[in-house]
>>> print(open('model.csv').read())   # CSV, C-alpha atoms
chain,number,residue,atom,x,y,z
G,1,MET,CA,-18.2,-17.9,1.4
G,2,GLU,CA,-17.6,-15.6,4.4
G,3,ILE,CA,-14.0,-14.7,5.0
G,4,ARG,CA,-13.1,-14.3,8.6
G,5,PHE,CA,-9.9,-13.0,10.3
G,6,ASP,CA,-10.8,-13.6,14.0
G,7,ASN,CA,-7.7,-13.6,16.2
G,8,LYS,CA,-5.6,-12.1,13.4
G,9,ILE,CA,-3.4,-9.0,13.9
G,10,VAL,CA,-3.4,-6.9,10.7
G,11,LEU,CA,-1.2,-3.9,10.1
G,12,VAL,CA,-2.3,-1.6,7.3
G,13,THR,CA,0.0,1.4,6.4
G,14,GLY,CA,-1.4,4.5,5.0
G,15,SER,CA,-4.8,3.8,6.4
G,16,SER,CA,-6.0,7.3,7.3
G,17,ARG,CA,-7.9,7.5,4.0
G,18,GLY,CA,-8.6,5.9,0.6
G,19,ILE,CA,-7.5,2.3,0.0
G,20,GLY,CA,-6.0,1.9,3.4
G,21,ALA,CA,-9.0,3.1,5.3
G,22,ALA,CA,-11.3,0.9,3.3
G,23,THR,CA,-9.0,-2.1,3.8
G,24,ALA,CA,-8.7,-1.5,7.6
G,25,PHE,CA,-12.5,-1.4,7.8
G,26,ARG,CA,-13.0,-4.6,5.8
G,27,PHE,CA,-10.5,-6.5,8.0
G,28,ALA,CA,-12.0,-5.2,11.2
G,29,ASP,CA,-15.5,-6.1,10.0
G,30,ALA,CA,-14.2,-9.6,9.4
G,31,GLY,CA,-13.0,-9.9,13.0
G,32,ALA,CA,-9.4,-8.9,12.8
G,33,THR,CA,-7.6,-6.6,15.2
G,34,VAL,CA,-6.3,-3.8,13.0
G,35,ILE,CA,-3.3,-1.5,13.5
G,36,THR,CA,-3.9,1.6,11.4
G,37,HIS,CA,-1.1,4.0,10.4
G,38,TYR,CA,-1.0,7.6,9.3
G,39,LEU,CA,1.6,10.2,8.4
G,40,LYS,CA,0.1,13.7,9.0
G,41,ASP,CA,-3.7,13.8,8.9
G,42,VAL,CA,-4.5,12.9,12.5
G,43,TYR,CA,-8.0,14.2,12.2
G,44,ARG,CA,-8.9,12.0,9.3
G,45,ALA,CA,-7.0,9.1,10.8
G,46,ARG,CA,-9.0,9.3,14.0
G,47,GLN,CA,-12.3,9.7,12.2
G,48,ASN,CA,-11.7,6.5,10.2
G,49,PHE,CA,-10.2,4.7,13.2
G,50,ASP,CA,-13.3,5.4,15.3
G,51,LYS,CA,-15.5,3.8,12.7
G,52,LEU,CA,-13.7,0.4,12.9
G,53,PRO,CA,-16.0,-2.3,14.2
G,54,GLY,CA,-14.8,-4.4,17.1
G,55,PRO,CA,-12.4,-3.7,20.0
G,56,CYS,CA,-8.6,-3.6,20.6
G,57,HIS,CA,-7.6,-1.8,17.4
G,58,MET,CA,-4.5,0.5,17.4
G,59,LEU,CA,-3.7,3.8,15.7
G,60,LEU,CA,-0.1,4.9,15.2
G,61,GLN,CA,1.7,7.8,13.5
G,62,ALA,CA,5.0,7.4,11.7
G,63,ASP,CA,7.0,8.8,8.8
G,64,LEU,CA,8.0,5.5,7.3
G,65,SER,CA,10.4,7.1,4.8
G,66,LYS,CA,12.9,7.4,7.7
G,67,PRO,CA,14.6,4.0,8.6
G,68,GLU,CA,14.8,4.6,12.4
G,69,ASN,CA,11.1,5.6,12.4
G,70,VAL,CA,10.3,2.3,10.8
G,71,ARG,CA,12.1,0.4,13.5
G,72,ARG,CA,10.4,2.3,16.3
G,73,PHE,CA,7.0,1.9,14.6
G,74,PHE,CA,7.5,-1.9,14.3
G,75,GLU,CA,8.7,-2.2,17.9
G,76,LYS,CA,5.6,-0.4,19.2
G,77,VAL,CA,3.3,-2.7,17.3
G,78,LEU,CA,5.1,-5.8,18.5
G,79,LYS,CA,5.2,-4.6,22.1
G,80,GLN,CA,1.5,-3.9,22.1
G,81,LYS,CA,0.2,-6.8,20.0
G,82,GLY,CA,2.9,-9.4,20.2
G,83,ARG,CA,2.7,-10.5,16.5
G,84,ILE,CA,1.7,-9.4,13.0
G,85,ASP,CA,-0.2,-11.9,11.0
G,86,ILE,CA,-0.9,-9.8,7.9
G,87,LEU,CA,0.9,-6.7,6.7
G,88,VAL,CA,-0.6,-4.5,4.0
G,89,ASN,CA,2.0,-2.1,2.6
G,90,ASN,CA,-0.3,0.6,1.2
G,91,ALA,CA,1.4,3.9,2.3
G,92,GLY,CA,2.6,5.9,-0.7
G,93,ILE,CA,2.6,9.2,-2.5
G,94,TYR,CA,2.0,10.2,-6.1
G,95,GLU,CA,3.4,13.5,-7.5
G,96,GLU,CA,3.2,14.6,-11.1
G,97,THR,CA,5.8,17.0,-12.4
G,98,ARG,CA,7.1,18.4,-15.7
G,99,TRP,CA,10.4,16.8,-14.6
G,100,TRP,CA,12.3,17.9,-17.7
G,101,GLU,CA,11.8,21.5,-16.5
G,102,LEU,CA,13.2,20.9,-13.0
G,103,GLU,CA,16.6,22.0,-11.8
G,104,TYR,CA,18.9,19.2,-10.8
G,105,GLU,CA,18.4,19.8,-7.1
G,106,GLU,CA,14.7,19.9,-7.5
G,107,TRP,CA,14.8,16.6,-9.3
G,108,GLN,CA,16.9,15.0,-6.5
G,109,GLN,CA,14.3,16.1,-4.0
G,110,HIS,CA,11.4,14.8,-6.1
G,111,TRP,CA,13.1,11.4,-6.6
G,112,LYS,CA,14.2,10.9,-3.0
G,113,LYS,CA,10.9,11.9,-1.5
G,114,THR,CA,8.9,9.4,-3.6
G,115,ILE,CA,11.4,6.5,-3.5
G,116,ASP,CA,12.0,6.8,0.3
G,117,THR,CA,8.3,6.8,0.9
G,118,ASN,CA,7.0,4.3,-1.6
G,119,LEU,CA,9.9,1.8,-1.9
G,120,THR,CA,12.5,2.1,0.9
G,121,GLY,CA,10.0,2.5,3.7
G,122,MET,CA,8.0,-0.5,2.4
G,123,ALA,CA,11.2,-2.6,2.1
G,124,ASN,CA,12.4,-1.7,5.6
G,125,LEU,CA,9.1,-2.5,7.2
G,126,SER,CA,8.7,-5.8,5.2
G,127,PHE,CA,12.2,-6.8,6.3
G,128,LEU,CA,11.3,-6.4,10.0
G,129,VAL,CA,7.9,-8.0,9.7
G,130,ALA,CA,9.1,-10.9,7.6
G,131,LYS,CA,11.7,-11.8,10.2
G,132,GLN,CA,8.9,-11.7,12.9
G,133,MET,CA,6.6,-13.8,10.7
G,134,ILE,CA,9.4,-16.5,10.3
G,135,ALA,CA,9.9,-16.5,14.1
G,136,GLN,CA,6.1,-16.9,14.8
G,137,GLY,CA,5.6,-19.6,12.2
G,138,GLY,CA,3.9,-17.7,9.3
G,139,GLY,CA,2.2,-14.7,7.9
G,140,LYS,CA,1.2,-12.8,4.8
G,141,ILE,CA,2.5,-9.6,3.2
G,142,ILE,CA,0.5,-7.7,0.6
G,143,ASN,CA,2.0,-4.9,-1.3
G,144,VAL,CA,-0.1,-2.3,-3.1
G,145,SER,CA,1.8,-1.5,-6.3
G,146,SER,CA,0.4,0.1,-9.5
G,147,ARG,CA,-0.4,-0.4,-13.2
G,148,GLY,CA,2.3,2.3,-13.7
G,149,ALA,CA,5.0,-0.3,-12.9
G,150,PHE,CA,4.2,-1.8,-16.3
G,151,ARG,CA,2.5,1.0,-18.3
G,152,GLY,CA,4.9,3.7,-17.2
G,153,GLU,CA,4.3,7.1,-15.5
G,154,PRO,CA,5.7,9.8,-17.9
G,155,HIS,CA,4.9,12.6,-15.4
G,156,ALA,CA,5.8,10.7,-12.3
G,157,LEU,CA,9.0,8.9,-13.0
G,158,PRO,CA,10.0,7.9,-9.5
G,159,TYR,CA,6.5,6.6,-8.8
G,160,GLY,CA,6.6,4.2,-11.8
G,161,ALA,CA,10.2,3.2,-11.1
G,162,GLY,CA,9.5,2.6,-7.4
G,163,LYS,CA,6.4,0.5,-8.1
G,164,ALA,CA,8.3,-1.6,-10.6
G,165,ALA,CA,11.0,-2.2,-8.0
G,166,MET,CA,8.2,-3.0,-5.4
G,167,ASN,CA,7.0,-5.7,-7.8
G,168,SER,CA,10.4,-7.3,-8.0
G,169,PHE,CA,11.1,-7.0,-4.3
G,170,GLY,CA,7.8,-8.7,-3.5
G,171,GLN,CA,8.4,-11.6,-5.9
G,172,SER,CA,12.0,-12.1,-4.6
G,173,MET,CA,10.8,-12.1,-1.0
G,174,ALA,CA,8.0,-14.5,-1.9
G,175,TRP,CA,10.5,-16.9,-3.3
G,176,ALA,CA,12.8,-16.6,-0.3
G,177,LEU,CA,10.0,-17.1,2.2
G,178,ALA,CA,8.0,-19.8,0.4
G,179,ASP,CA,9.3,-22.6,2.5
G,180,LYS,CA,8.9,-20.6,5.7
G,181,ASN,CA,5.0,-20.3,5.6
G,182,VAL,CA,5.2,-16.6,4.8
G,183,GLN,CA,3.4,-15.5,1.6
G,184,VAL,CA,4.0,-12.3,-0.3
G,185,TYR,CA,1.5,-10.9,-2.8
G,186,THR,CA,1.3,-7.8,-4.9
G,187,LEU,CA,-1.8,-5.9,-6.1
G,188,ALA,CA,-1.3,-3.6,-9.1
G,189,PRO,CA,-4.3,-1.3,-9.5
G,190,GLY,CA,-4.9,1.4,-12.1
G,191,TRP,CA,-6.6,4.6,-11.2
G,192,VAL,CA,-8.5,4.6,-7.9
G,193,ASP,CA,-10.8,7.4,-6.7
G,194,THR,CA,-9.0,8.5,-3.6
G,195,ASP,CA,-8.0,11.8,-2.0
G,196,MET,CA,-4.7,11.6,-3.8
G,197,THR,CA,-6.3,11.4,-7.2
G,198,HIS,CA,-9.7,13.0,-6.8
G,199,GLU,CA,-8.6,16.5,-8.0
G,200,ILE,CA,-7.3,15.0,-11.3
G,201,LEU,CA,-10.4,12.8,-11.7
G,202,GLU,CA,-12.7,15.8,-11.2
G,203,SER,CA,-10.9,17.9,-13.8
G,204,GLU,CA,-11.4,17.8,-17.5
G,205,ARG,CA,-8.6,15.2,-17.7
G,206,GLY,CA,-10.7,12.9,-15.5
G,207,LYS,CA,-12.9,11.9,-18.4
G,208,ALA,CA,-10.0,10.7,-20.4
G,209,VAL,CA,-8.7,8.8,-17.3
G,210,ALA,CA,-12.0,7.0,-16.9
G,211,ALA,CA,-12.2,6.2,-20.6
G,212,GLN,CA,-8.9,4.2,-20.3
G,213,SER,CA,-11.1,1.4,-19.0
G,214,PRO,CA,-13.9,-0.1,-21.2
G,215,MET,CA,-16.0,0.2,-18.0
G,216,ASN,CA,-15.6,4.0,-18.4
G,217,ARG,CA,-14.7,4.5,-14.7
G,218,VAL,CA,-11.9,4.1,-12.2
G,219,ALA,CA,-11.9,1.8,-9.2
G,220,THR,CA,-13.2,2.5,-5.8
G,221,PRO,CA,-11.2,2.0,-2.6
G,222,GLU,CA,-13.7,-0.6,-1.5
G,223,GLU,CA,-13.0,-2.7,-4.6
G,224,LEU,CA,-9.3,-2.6,-3.8
G,225,ALA,CA,-10.0,-3.6,-0.2
G,226,ASN,CA,-12.0,-6.6,-1.4
G,227,ALA,CA,-9.1,-7.8,-3.5
G,228,ILE,CA,-6.7,-7.4,-0.6
G,229,ILE,CA,-9.1,-9.4,1.6
G,230,LEU,CA,-9.1,-12.1,-1.0
G,231,LEU,CA,-5.3,-12.3,-1.1
G,232,ALA,CA,-5.1,-12.4,2.7
G,233,SER,CA,-7.7,-15.1,3.0
G,234,PRO,CA,-6.8,-18.7,3.9
G,235,GLY,CA,-6.4,-21.0,0.9
G,236,THR,CA,-4.4,-18.6,-1.3
G,237,GLU,CA,-1.0,-19.7,-0.1
G,238,TYR,CA,0.0,-21.1,-3.5
G,239,MET,CA,-0.6,-17.7,-5.1
G,240,THR,CA,2.5,-16.4,-3.3
G,241,GLY,CA,4.6,-14.3,-5.6
G,242,CYS,CA,1.7,-13.3,-7.8
G,243,ILE,CA,1.1,-9.8,-9.1
G,244,LEU,CA,-2.7,-9.3,-9.4
G,245,ASP,CA,-3.7,-6.7,-12.0
G,246,MET,CA,-6.8,-4.6,-11.1
G,247,ASN,CA,-7.2,-1.9,-13.7
G,248,GLY,CA,-10.6,-2.5,-15.3
G,249,ALA,CA,-9.0,-3.9,-18.4
G,250,SER,CA,-7.3,-0.6,-19.1
G,251,TYR,CA,-3.9,-2.3,-19.4
G,252,LEU,CA,-3.7,-5.9,-20.4
G,253,ARG,CA,-0.4,-7.9,-19.9
G,254,THR,CA,0.4,-11.2,-21.5
>>> encode(input="model.csv", output="structure tokens")
Amino acid sequence: MEIRFDNKIVLVTGSSRGIGAATAFRFADAGATVITHYLKDVYRARQNFDKLPGPCHMLLQADLSKPENVRRFFEKVLKQKGRIDILVNNAGIYEETRWWELEYEEWQQHWKKTIDTNLTGMANLSFLVAKQMIAQGGGKIINVSSRGAFRGEPHALPYGAGKAAMNSFGQSMAWALADKNVQVYTLAPGWVDTDMTHEILESERGKAVAAQSPMNRVATPEELANAIILLASPGTEYMTGCILDMNGASYLRT
């Protein structure tokens, strides 16, 4: 079955590379008008933006960890496109530290940077977009979380904590919006081969990471994009509130 998104406006955060770039391409290839977002890497963002099939796409820069920036970003999208049918909250950072060796001030910076980017920015944008979706009569929000929300992240505490909070936020929002024709889904991947993780995966440690899955590999961004397309497709409305694991059987929940 071919999944199409003709006449749909799709906003994908963190889409200059990795999962976001692959997701933006899949939506554009399926007929959607895509708003892509980046934080710093304008060269990579422009490269991937120029590869999108179809017309009328939009490329925007914003630091979504700052609440006022989120508002301005949202207002730009709405002014240019008029509506947002699908929001993919993909923007995020992952930083490993030997946190027990940090000074208190360093710990504060580490925590704030990750939580503001991965959780607060996503929540602020979702708040604005959800209100718009209610007003326009419907929409879908897909949050990209992590296996770490369940399994833990011993060297990236704020990352694991933020993703666990994202899961709860998404499910609570799904419940609140279920009677308003707005669905909220969460995708929880394990390791994915992106720019953010590539250095680790290419190191000696990478073999052990791949071996966590009985498939003896990590996911590709394209595989994550396929799952996001599935969640965004028509006919999945009753899945609202779900958390879809995608970790190659490396961590099984019951």
>>> closest_residue(input="model.csv", among="G:Ala123, G:Lys81, G:Phe73, G:Ser146", to="Ser172 in chain G", atoms="all atoms listed in the file")
G:Ala123
>>> axis_aligned_box(input="model.csv", around="range 54-70 of chain G", padding_each_side="8 Å", output="JSON")
{"center_x": 0.0, "center_y": 2.2, "center_z": 12.7, "size_x": 45.6, "size_y": 29.2, "size_z": 31.8}
>>> closest_residue(input="model.csv", among="G:Val42, G:Val10, G:Met133, G:Met196", to="Ala28 in chain G", atoms="all atoms listed in the file")
G:Val10
>>> residues_around(input="model.csv", residues="range 106-110 of chain G", least_positions_apart="5", cutoff="9 Å", atoms="only C-alpha atoms", output="PyMOL selection string")
chain G and resi 95+97+99-100+115+158
>>> closest_residue(input="model.csv", among="G:Asn226, G:Asn247, G:Ser15, G:Ser168", to="His37 in chain G", atoms="all atoms listed in the file")
G:Ser15
>>> closest_residue(input="model.csv", among="G:Asn69, G:Ser16, G:Thr186, G:Ser126", to="Arg46 in chain G", atoms="only C-alpha atoms")
G:Ser16
>>> closest_residue(input="model.csv", among="G:Thr120, G:Thr23, G:Thr240, G:Thr13", to="Gln61 in chain G", atoms="all atoms listed in the file")
G:Thr13
>>> closest_residue(input="model.csv", among="G:Gly121, G:Pro221, G:Gly235, G:Gly248", to="Phe74 in chain G", atoms="all atoms listed in the file")
G:Gly121
>>> atom_distance(input="model.csv", atom1="CA of Lys76 in chain G", atom2="CA of Asn7 in chain G")
19.0 Å
>>> residues_around(input="model.csv", residues="Leu252 in chain G", least_positions_apart="5", cutoff="10 Å", atoms="all atoms listed in the file", output="list in words")
Arg147, Phe150, Arg151, Asp245, Met246 and Asn247 of chain G
>>> atom_distance(input="model.csv", atom1="CA of Ala24 in chain G", atom2="CA of Leu224 in chain G")
11.5 Å
>>> decode(input="model.csv", residues="range 166-203 of chain G", atoms="C-alpha atoms", output="compact mmCIF listing (two decimals), in the first residue's frame")
# COMPACT_ATOMS: atom_id res chain seq x y z
CA MET G 166 8.95 13.03 26.84
CA ASN G 167 7.18 9.67 26.92
CA SER G 168 4.93 10.76 29.76
CA PHE G 169 4.29 14.15 28.17
CA GLY G 170 3.29 12.54 24.88
CA GLN G 171 0.93 10.06 26.49
CA SER G 172 -0.69 12.74 28.65
CA MET G 173 -1.14 14.98 25.62
CA ALA G 174 -2.58 12.07 23.62
CA TRP G 175 -5.20 11.50 26.31
CA ALA G 176 -6.09 15.19 26.51
CA LEU G 177 -6.43 15.55 22.73
CA ALA G 178 -8.05 12.21 21.86
CA ASP G 179 -11.52 13.74 21.48
CA LYS G 180 -10.19 16.66 19.45
CA ASN G 181 -8.94 14.65 16.44
CA VAL G 182 -5.29 15.26 17.38
CA GLN G 183 -3.17 12.15 17.84
CA VAL G 184 0.18 11.92 19.62
CA TYR G 185 2.63 9.05 19.13
CA THR G 186 6.09 8.30 20.47
CA LEU G 187 8.87 6.38 18.73
CA ALA G 188 11.55 4.96 21.05
CA PRO G 189 14.60 3.81 19.07
CA GLY G 190 17.78 2.23 20.29
CA TRP G 191 21.11 3.14 18.71
CA VAL G 192 20.87 4.70 15.26
CA ASP G 193 23.82 5.35 12.96
CA THR G 194 23.76 9.15 12.72
CA ASP G 195 26.33 11.93 12.89
CA MET G 196 25.60 12.19 16.61
CA THR G 197 26.54 8.55 17.27
CA HIS G 198 28.87 7.70 14.39
CA GLU G 199 32.11 8.32 16.27
CA ILE G 200 31.06 5.94 19.04
CA LEU G 201 29.87 3.33 16.57
CA GLU G 202 33.15 3.47 14.66
CA SER G 203 35.22 3.01 17.83
